[in-house]
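Asks: Got a structure for you, input01.txt, holding compact mmCIF, C-alpha atoms.
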```txt
# COMPACT_ATOMS: atom_id res chain seq x y z
CA MET A 1 4.75 250.85 -148.24
CA THR A 2 3.58 248.93 -151.25
CA GLU A 3 5.47 246.09 -152.85
CA GLN A 4 6.45 248.26 -155.78
CA GLU A 5 7.81 250.98 -153.50
CA GLU A 6 9.84 248.41 -151.59
CA LYS A 7 11.32 247.22 -154.85
CA GLN A 8 12.14 250.78 -155.82
CA VAL A 9 13.92 251.38 -152.49
CA ALA A 10 15.85 248.15 -152.89
CA ASP A 11 16.91 249.15 -156.40
CA LEU A 12 17.99 252.59 -155.21
CA LEU A 13 20.02 251.04 -152.40
CA LYS A 14 21.73 248.65 -154.82
CA GLU A 15 22.59 251.55 -157.13
CA SER A 16 24.00 253.72 -154.34
CA MET A 17 26.40 251.01 -153.04
CA PRO A 18 29.40 249.96 -155.15
CA PRO A 19 29.62 246.23 -155.87
CA VAL A 20 31.82 244.34 -153.40
CA ASN A 21 34.94 242.92 -155.01
CA ARG A 22 35.18 239.45 -153.56
CA GLU A 23 38.61 238.76 -155.09
CA LEU A 24 41.70 240.73 -154.00
CA GLU A 25 43.03 242.99 -156.72
CA CYS A 26 46.63 241.95 -156.06
CA ASP A 27 48.88 240.06 -153.62
CA LEU A 28 49.08 242.14 -150.43
CA TRP A 29 52.14 240.36 -148.95
CA PRO A 30 54.81 242.36 -150.90
CA ARG A 31 53.15 245.56 -149.72
CA MET A 32 53.16 244.23 -146.15
CA LEU A 33 56.88 243.41 -146.41
CA GLN A 34 57.56 246.88 -147.78
CA ARG A 35 55.74 248.45 -144.84
CA LEU A 36 57.69 246.29 -142.35
CA ASP A 37 60.94 247.31 -144.04
CA GLU A 38 60.07 250.98 -143.79
CA GLY A 39 59.49 250.66 -140.06
CA SER A 40 62.65 248.74 -139.21
CA ASP A 41 66.08 250.18 -138.48
CA ARG A 42 68.45 248.57 -140.96
CA ARG A 43 71.62 249.83 -139.29
CA HIS A 44 73.99 247.41 -137.55
CA TRP A 45 73.37 247.17 -133.81
CA ILE A 46 76.84 248.51 -132.98
CA ALA A 47 76.12 251.55 -135.17
CA VAL A 48 72.86 252.07 -133.28
CA MET A 49 74.54 251.65 -129.89
CA PHE A 50 77.32 254.12 -130.62
CA SER A 51 75.32 256.52 -132.78
CA PRO A 52 75.76 260.24 -132.02
CA SER A 53 72.13 260.45 -130.89
CA ALA A 54 72.61 257.59 -128.41
CA LEU A 55 75.87 259.04 -127.09
CA SER A 56 74.42 262.51 -126.70
CA ALA A 57 71.59 261.05 -124.61
CA VAL A 58 74.08 259.87 -121.95
CA PRO A 59 73.90 262.23 -118.94
CA TRP A 60 77.06 264.01 -117.80
CA PHE A 61 77.32 262.13 -114.48
CA ASP A 62 77.49 258.79 -116.32
CA TRP A 63 80.40 260.17 -118.35
CA ALA A 64 81.96 261.26 -115.06
CA LEU A 65 81.52 257.75 -113.62
CA LEU A 66 83.12 256.25 -116.72
CA ALA A 67 86.03 258.69 -116.39
CA VAL A 68 86.48 257.67 -112.73
CA LEU A 69 86.60 254.00 -113.78
CA VAL A 70 89.16 254.61 -116.53
CA LEU A 71 91.24 256.74 -114.18
CA GLY A 72 91.11 254.04 -111.52
CA VAL A 73 92.35 251.39 -113.94
CA CYS A 74 95.13 253.72 -115.14
CA VAL A 75 96.24 254.46 -111.56
CA PHE A 76 96.11 250.79 -110.50
CA PRO A 77 96.97 248.79 -113.65
CA ARG A 78 97.84 245.74 -111.57
CA SER A 79 94.19 245.47 -110.60
CA ILE A 80 93.27 244.61 -114.23
CA PRO A 81 93.49 240.79 -113.76
CA VAL A 82 91.21 241.09 -110.72
CA TRP A 83 88.74 243.08 -112.84
CA LEU A 84 88.94 240.52 -115.59
CA TYR A 85 88.25 237.75 -113.12
CA HIS A 86 85.12 239.47 -111.83
CA PHE A 87 83.71 240.08 -115.31
CA MET B 1 51.10 233.23 -128.59
CA ASN B 2 53.85 232.73 -126.02
CA THR B 3 56.63 235.17 -126.83
CA HIS B 4 58.98 233.67 -124.19
CA PRO B 5 59.97 236.93 -122.49
CA TYR B 6 62.08 235.19 -119.84
CA LEU B 7 64.09 233.33 -122.48
CA ARG B 8 64.72 236.64 -124.25
CA ALA B 9 65.69 238.25 -120.95
CA TYR B 10 68.19 235.46 -120.34
CA MET B 11 69.66 235.89 -123.82
CA ALA B 12 69.91 239.66 -123.43
CA GLY B 13 71.57 239.18 -120.04
CA ILE B 14 74.25 236.74 -121.14
CA ALA B 15 75.13 238.69 -124.30
CA VAL B 16 77.40 241.23 -122.61
CA PRO B 17 79.58 238.93 -120.44
CA THR B 18 79.80 236.40 -123.28
CA MET B 19 81.22 239.06 -125.58
CA LEU B 20 83.50 240.34 -122.83
CA LEU B 21 84.80 236.81 -122.31
CA LEU B 22 87.09 237.26 -125.31
CA VAL B 23 88.55 240.35 -123.65
CA VAL B 24 88.89 238.48 -120.35
CA LEU B 25 90.65 235.53 -121.95
CA THR B 26 92.97 237.82 -123.92
CA GLY B 27 93.75 239.73 -120.73
CA PHE B 28 94.52 236.53 -118.81
CA LEU B 29 96.77 235.26 -121.62
CA MET B 30 98.62 238.57 -121.78
CA ALA B 31 98.98 238.68 -118.00
CA ARG B 32 100.41 235.18 -117.96
CA TYR B 33 102.62 235.11 -121.02
CA THR B 34 103.54 238.77 -121.48
CA PHE B 35 103.68 240.13 -117.93
CA GLN B 36 104.64 236.79 -116.31
CA ILE B 37 101.83 236.97 -113.72
CA PRO B 38 101.17 233.33 -112.75
CA VAL B 39 97.46 233.34 -113.58
CA PRO B 40 96.15 229.74 -113.57
CA ILE B 41 93.96 230.32 -116.62
CA GLU B 42 92.33 226.89 -116.59
CA ARG B 43 91.05 227.48 -113.03
CA ALA B 44 90.56 231.25 -113.15
CA ILE B 45 88.48 231.18 -116.33
CA VAL B 46 85.71 229.08 -114.74
CA PHE B 47 84.18 232.01 -112.90
CA PRO B 48 84.04 234.54 -115.79
CA MET B 49 83.16 231.83 -118.31
CA ALA B 50 80.47 229.83 -116.53
CA ILE B 51 79.15 231.68 -113.53
CA VAL B 52 79.17 235.36 -114.52
CA PRO B 53 77.23 235.00 -117.82
CA ASN B 54 74.63 232.71 -116.27
CA LEU B 55 74.21 235.03 -113.32
CA PHE B 56 73.76 237.98 -115.70
CA GLY B 57 71.04 236.02 -117.52
CA VAL B 58 69.27 235.00 -114.34
CA TRP B 59 69.59 238.52 -112.95
CA ASN B 60 67.97 239.92 -116.08
CA ILE B 61 65.14 237.39 -115.78
CA PHE B 62 64.74 238.57 -112.18
CA TYR B 63 64.64 242.18 -113.42
CA LEU B 64 61.86 241.32 -115.86
CA TRP B 65 59.93 239.41 -113.21
CA LEU B 66 60.35 242.22 -110.70
CA ARG B 67 59.36 245.05 -113.02
CA PRO B 68 55.57 244.96 -112.62
CA ARG B 69 55.92 244.38 -108.88
CA ARG B 70 58.61 246.80 -107.73
CA HIS B 71 60.26 248.74 -110.49
CA LEU B 72 63.93 249.55 -110.03
CA PRO B 73 65.89 251.24 -112.84
CA ILE B 74 68.01 248.69 -114.66
CA GLY B 75 71.27 250.43 -113.74
CA PHE B 76 70.56 250.17 -110.02
CA HIS B 77 69.30 246.61 -110.45
CA GLY B 78 72.62 245.71 -112.07
CA ALA B 79 74.59 247.54 -109.39
CA ILE B 80 73.17 245.11 -106.81
CA LEU B 81 74.73 242.16 -108.67
CA PRO B 82 78.29 242.67 -107.27
CA PHE B 83 76.86 241.99 -103.82
CA VAL B 84 76.17 238.44 -105.10
CA LEU B 85 79.12 238.07 -107.45
CA ALA B 86 81.90 239.36 -105.19
CA PRO B 87 81.40 236.82 -102.37
CA SER B 88 80.88 233.94 -104.79
CA GLY B 89 83.98 234.96 -106.76
CA PHE B 90 85.94 235.26 -103.54
CA ILE B 91 84.87 231.79 -102.38
CA LEU B 92 85.60 230.17 -105.74
CA ALA B 93 88.99 231.87 -106.05
CA THR B 94 89.95 230.83 -102.52
CA CYS B 95 88.89 227.24 -103.16
CA SER B 96 90.77 227.23 -106.48
CA GLY B 97 93.92 228.36 -104.71
CA PHE B 98 94.74 231.62 -106.48
CA LEU B 99 93.37 233.97 -103.83
CA SER B 100 94.68 233.88 -100.31
CA PRO B 101 93.77 236.22 -97.49
CA THR B 102 96.86 237.33 -95.55
CA SER B 103 97.49 239.83 -92.78
CA SER B 104 98.52 242.53 -95.27
CA GLY B 105 95.61 242.00 -97.67
CA LEU B 106 94.25 239.70 -100.32
CA VAL B 107 96.87 238.11 -102.54
CA TRP B 108 95.58 237.39 -106.05
CA PHE B 109 97.43 234.97 -108.32
CA HIS B 110 100.26 234.74 -105.74
CA GLN B 111 101.49 238.17 -106.83
CA ILE B 112 98.92 240.96 -106.73
CA VAL B 113 98.44 242.18 -103.18
CA VAL B 114 95.25 244.16 -102.60
CA PRO B 115 95.42 245.80 -99.14
CA TYR B 116 92.21 245.62 -97.16
CA VAL B 117 91.88 249.42 -97.18
CA PHE B 118 91.56 249.32 -100.98
CA LEU B 119 88.86 246.65 -100.96
CA ALA B 120 86.02 249.08 -100.22
CA GLY B 121 87.25 251.40 -102.96
CA GLY B 122 87.54 248.50 -105.39
CA PHE B 123 84.03 247.39 -104.54
CA CYS B 124 82.72 250.92 -105.24
CA PHE B 125 84.47 250.77 -108.61
CA ALA B 126 82.71 247.45 -109.28
CA LEU B 127 79.35 249.02 -108.41
CA ILE B 128 80.01 251.86 -110.86
CA ALA B 129 81.12 249.45 -113.58
CA TYR B 130 78.08 247.23 -113.13
CA TYR B 131 75.75 250.25 -113.03
CA LEU B 132 77.09 251.48 -116.36
CA VAL B 133 77.18 248.04 -117.99
CA TRP B 134 73.62 247.26 -117.01
CA LYS B 135 72.22 250.67 -117.80
CA TYR B 136 73.74 250.96 -121.25
CA LEU B 137 74.70 247.51 -122.52
CA VAL B 138 72.18 245.11 -120.98
CA GLY B 139 69.51 247.82 -121.30
CA PHE B 140 70.33 248.13 -125.00
CA PHE B 141 70.05 244.38 -125.57
CA ASN B 142 66.77 244.34 -123.66
CA GLU B 143 65.53 247.00 -126.04
CA VAL B 144 66.73 245.05 -129.08
CA LEU B 145 64.93 241.92 -127.88
CA GLY B 146 61.77 243.84 -127.10
CA ILE B 147 61.69 243.46 -123.33
CA ALA B 148 62.83 246.94 -122.28
```
What would the structure in this file look like if it were written as structure tokens?
Replies:
Amino acid sequence: MTEQEEKQVADLLKESMPPVNRELECDLWPRMLQRLDEGSDRRHWIAVMFSPSALSAVPWFDWALLAVLVLGVCVFPRSIPVWLYHF
Amino acid sequence: MNTHPYLRAYMAGIAVPTMLLLVVLTGFLMARYTFQIPVPIERAIVFPMAIVPNLFGVWNIFYLWLRPRRHLPIGFHGAILPFVLAPSGFILATCSGFLSPTSSGLVWFHQIVVPYVFLAGGFCFALIAYYLVWKYLVGFFNEVLGIA
């Protein structure tokens, strides 16, 4: 390849590639914050904990266990201070 | 970057009993001043205020440490805790003078008699309660703090 051909190839390569913008077009931080906001759950944690989707995910036997506990406390109300002590 | 997972595990662990402490204190005050049960609040509150929350935190750290080695679901891990808490609570209550073992059963706060036959049942209730609390409440806080 002659020197002239090399120059031609170099010119063609320069033309085919867009110039690199060394400076950022704008501040990227607001866009980053916006993306973080989109991903986060803004609801209060109590709302998340007792949301219908969370409650419906509880299996039936855990509801049964909770019912047994409540029933036990109702049958033996005098045991409540002992419960309180152990919690 | 150190993300301090054990510190977060401790915080997630103590969150539930710390919140429940308000309920406990209210219950003790109602028992003493409304239902005239002679609960020595100043002595009885030590266990639920100081020992239970710290044990929850340490137990959650233990859960996190144990997870890569021998994984146990968090509910079952929590259900083991009464095996530690019940004897320590019993010893502290006996030393503090508001639990006395008698021939008919355990007498709590000089008034509430728990016959020995009911102790096993009561312990099963504690296992259920701790299973549910750990599975749903501590598990939730672990998720919130990113260590679930």
Asks: Could you list, as a list in words, every residue within 10 Å of Ala126 in chain B, counting all atoms listed in the file and ignoring same-chain residues fewer than 3 positions away?
Replies: Leu69, Trp83, His86 and Phe87 of chain A; Ala79, Leu81, Pro82, Phe83, Ala86, Ala120, Gly121, Gly122, Phe123, Ala129, Tyr130, Tyr131 and Leu132 of chain B
Asks: Please measure the separation of CA of Pro101 in chain B and CA of Val133 in chain B, giving the value in Å to one decimal.
Replies: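 Separation of CA of Pro101 in chain B and CA of Val133 in chain B: 28.9 Å.
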Asks: Kindly determine which residues of chain B lie within 8 Å of chain A, considering all atoms listed in the file, and give the answer as a CSV table (one decimal) with C-alpha atoms, in the coordinates of the input.
Replies:
```csv
chain,number,residue,atom,x,y,z
B,17,PRO,CA,79.6,238.9,-120.4
B,20,LEU,CA,83.5,240.3,-122.8
B,21,LEU,CA,84.8,236.8,-122.3
B,24,VAL,CA,88.9,238.5,-120.4
B,27,GLY,CA,93.8,239.7,-120.7
B,28,PHE,CA,94.5,236.5,-118.8
B,31,ALA,CA,99.0,238.7,-118.0
B,44,ALA,CA,90.6,231.2,-113.2
B,45,ILE,CA,88.5,231.2,-116.3
B,47,PHE,CA,84.2,232.0,-112.9
B,48,PRO,CA,84.0,234.5,-115.8
B,52,VAL,CA,79.2,235.4,-114.5
B,85,LEU,CA,79.1,238.1,-107.4
B,86,ALA,CA,81.9,239.4,-105.2
B,89,GLY,CA,84.0,235.0,-106.8
B,108,TRP,CA,95.6,237.4,-106.0
B,112,ILE,CA,98.9,241.0,-106.7
B,125,PHE,CA,84.5,250.8,-108.6
B,128,ILE,CA,80.0,251.9,-110.9
B,129,ALA,CA,81.1,249.4,-113.6
B,132,LEU,CA,77.1,251.5,-116.4
B,140,PHE,CA,70.3,248.1,-125.0
```
Asks: What's around Val144 in chain B at 10 Å? Count all atoms listed in the file, leave out sequence neighbours fewer than 6 positions away in its own chain, and write the answer as a list of chain:residue names.
Replies: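 In the requested form, the answer reads A:Trp45, B:Arg8, B:Ala12, B:Val138.
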Asks: Would you save the residues from that selection as a PDB file, in the coordinates of the input, using C-alpha atoms?
Replies:
```pdb
ATOM      1  CA  TRP A  45      73.370 247.170-133.810  1.00  0.00           C
TER       2      TRP A  45
ATOM      3  CA  ARG B   8      64.720 236.640-124.250  1.00  0.00           C
ATOM      4  CA  ALA B  12      69.910 239.660-123.430  1.00  0.00           C
ATOM      5  CA  VAL B 138      72.180 245.110-120.980  1.00  0.00           C
TER       6      VAL B 138
END
```
Asks: Using only C-alpha atoms, pick whichever of B:Val16, B:Ile80, B:Val114, B:Leu127 has the shortest atom-to-atom distance to Gly139 in chain B.
Replies: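 Between B:Val16, B:Ile80, B:Val114, B:Leu127, the residue approaching Gly139 in chain B most closely is B:Val16.
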Asks: To one decimal in Å, tell me the separation between CA of Gly75 in chain B and CA of Trp134 in chain B.
Replies: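 Taking CA of Gly75 in chain B as the start and CA of Trp134 in chain B as the end point, the length is 5.1 Å.
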Asks: When you count only C-alpha atoms, which of these residues is closest to Ala15 in chain B: B:Leu137, B:Val46, B:Leu72, B:Ile37?
Replies: B:Leu137
Asks: Write out N, CA and C atoms for range 51-76 of chain A, as a PDB file, keeping the file's coordinate frame.
Replies:
```
ATOM      1  N   SER A  51      75.720 255.412-131.906  1.00  0.00           N
ATOM      2  CA  SER A  51      75.320 256.520-132.780  1.00  0.00           C
ATOM      3  C   SER A  51      75.423 257.835-132.004  1.00  0.00           C
ATOM      4  N   PRO A  52      75.660 258.950-132.719  1.00  0.00           N
ATOM      5  CA  PRO A  52      75.760 260.240-132.020  1.00  0.00           C
ATOM      6  C   PRO A  52      74.524 260.562-131.174  1.00  0.00           C
ATOM      7  N   SER A  53      73.345 260.155-131.659  1.00  0.00           N
ATOM      8  CA  SER A  53      72.130 260.450-130.890  1.00  0.00           C
ATOM      9  C   SER A  53      72.108 259.664-129.575  1.00  0.00           C
ATOM     10  N   ALA A  54      72.585 258.400-129.634  1.00  0.00           N
ATOM     11  CA  ALA A  54      72.610 257.590-128.410  1.00  0.00           C
ATOM     12  C   ALA A  54      73.647 258.134-127.432  1.00  0.00           C
ATOM     13  N   LEU A  55      74.805 258.532-127.965  1.00  0.00           N
ATOM     14  CA  LEU A  55      75.870 259.040-127.090  1.00  0.00           C
ATOM     15  C   LEU A  55      75.493 260.384-126.471  1.00  0.00           C
ATOM     16  N   SER A  56      74.793 261.201-127.249  1.00  0.00           N
ATOM     17  CA  SER A  56      74.420 262.510-126.700  1.00  0.00           C
ATOM     18  C   SER A  56      73.329 262.396-125.642  1.00  0.00           C
ATOM     19  N   ALA A  57      72.642 261.248-125.616  1.00  0.00           N
ATOM     20  CA  ALA A  57      71.590 261.050-124.610  1.00  0.00           C
ATOM     21  C   ALA A  57      72.162 260.620-123.252  1.00  0.00           C
ATOM     22  N   VAL A  58      73.466 260.302-123.216  1.00  0.00           N
ATOM     23  CA  VAL A  58      74.080 259.870-121.950  1.00  0.00           C
ATOM     24  C   VAL A  58      74.268 261.088-121.043  1.00  0.00           C
ATOM     25  N   PRO A  59      73.745 261.061-119.819  1.00  0.00           N
ATOM     26  CA  PRO A  59      73.900 262.230-118.940  1.00  0.00           C
ATOM     27  C   PRO A  59      75.352 262.429-118.496  1.00  0.00           C
ATOM     28  N   TRP A  60      75.662 263.660-118.103  1.00  0.00           N
ATOM     29  CA  TRP A  60      77.060 264.010-117.800  1.00  0.00           C
ATOM     30  C   TRP A  60      77.613 263.193-116.641  1.00  0.00           C
ATOM     31  N   PHE A  61      76.773 262.850-115.642  1.00  0.00           N
ATOM     32  CA  PHE A  61      77.320 262.130-114.480  1.00  0.00           C
ATOM     33  C   PHE A  61      77.707 260.695-114.832  1.00  0.00           C
ATOM     34  N   ASP A  62      77.069 260.130-115.882  1.00  0.00           N
ATOM     35  CA  ASP A  62      77.490 258.790-116.320  1.00  0.00           C
ATOM     36  C   ASP A  62      78.851 258.867-117.020  1.00  0.00           C
ATOM     37  N   TRP A  63      79.068 259.973-117.752  1.00  0.00           N
ATOM     38  CA  TRP A  63      80.400 260.170-118.350  1.00  0.00           C
ATOM     39  C   TRP A  63      81.436 260.324-117.241  1.00  0.00           C
ATOM     40  N   ALA A  64      81.042 261.051-116.188  1.00  0.00           N
ATOM     41  CA  ALA A  64      81.960 261.260-115.060  1.00  0.00           C
ATOM     42  C   ALA A  64      82.294 259.919-114.389  1.00  0.00           C
ATOM     43  N   LEU A  65      81.283 259.068-114.226  1.00  0.00           N
ATOM     44  CA  LEU A  65      81.520 257.750-113.620  1.00  0.00           C
ATOM     45  C   LEU A  65      82.461 256.911-114.484  1.00  0.00           C
ATOM     46  N   LEU A  66      82.250 256.986-115.794  1.00  0.00           N
ATOM     47  CA  LEU A  66      83.120 256.250-116.720  1.00  0.00           C
ATOM     48  C   LEU A  66      84.556 256.773-116.619  1.00  0.00           C
ATOM     49  N   ALA A  67      84.689 258.089-116.509  1.00  0.00           N
ATOM     50  CA  ALA A  67      86.030 258.690-116.390  1.00  0.00           C
ATOM     51  C   ALA A  67      86.698 258.224-115.094  1.00  0.00           C
ATOM     52  N   VAL A  68      85.931 258.140-114.016  1.00  0.00           N
ATOM     53  CA  VAL A  68      86.480 257.670-112.730  1.00  0.00           C
ATOM     54  C   VAL A  68      86.980 256.230-112.883  1.00  0.00           C
ATOM     55  N   LEU A  69      86.205 255.404-113.573  1.00  0.00           N
ATOM     56  CA  LEU A  69      86.600 254.000-113.780  1.00  0.00           C
ATOM     57  C   LEU A  69      87.906 253.904-114.574  1.00  0.00           C
ATOM     58  N   VAL A  70      87.958 254.644-115.672  1.00  0.00           N
ATOM     59  CA  VAL A  70      89.160 254.610-116.530  1.00  0.00           C
ATOM     60  C   VAL A  70      90.366 255.107-115.753  1.00  0.00           C
ATOM     61  N   LEU A  71      90.159 256.179-114.995  1.00  0.00           N
ATOM     62  CA  LEU A  71      91.240 256.740-114.180  1.00  0.00           C
ATOM     63  C   LEU A  71      91.722 255.731-113.148  1.00  0.00           C
ATOM     64  N   GLY A  72      90.754 255.044-112.521  1.00  0.00           N
ATOM     65  CA  GLY A  72      91.110 254.040-111.520  1.00  0.00           C
ATOM     66  C   GLY A  72      91.953 252.920-112.100  1.00  0.00           C
ATOM     67  N   VAL A  73      91.586 252.466-113.293  1.00  0.00           N
ATOM     68  CA  VAL A  73      92.350 251.390-113.940  1.00  0.00           C
ATOM     69  C   VAL A  73      93.742 251.892-114.326  1.00  0.00           C
ATOM     70  N   CYS A  74      93.819 253.168-114.763  1.00  0.00           N
ATOM     71  CA  CYS A  74      95.130 253.720-115.140  1.00  0.00           C
ATOM     72  C   CYS A  74      96.034 253.887-113.912  1.00  0.00           C
ATOM     73  N   VAL A  75      95.439 254.264-112.783  1.00  0.00           N
ATOM     74  CA  VAL A  75      96.240 254.460-111.560  1.00  0.00           C
ATOM     75  C   VAL A  75      96.686 253.121-110.984  1.00  0.00           C
ATOM     76  N   PHE A  76      95.787 252.122-111.040  1.00  0.00           N
ATOM     77  CA  PHE A  76      96.110 250.790-110.500  1.00  0.00           C
ATOM     78  C   PHE A  76      96.063 249.735-111.615  1.00  0.00           C
TER      79      PHE A  76
END
```
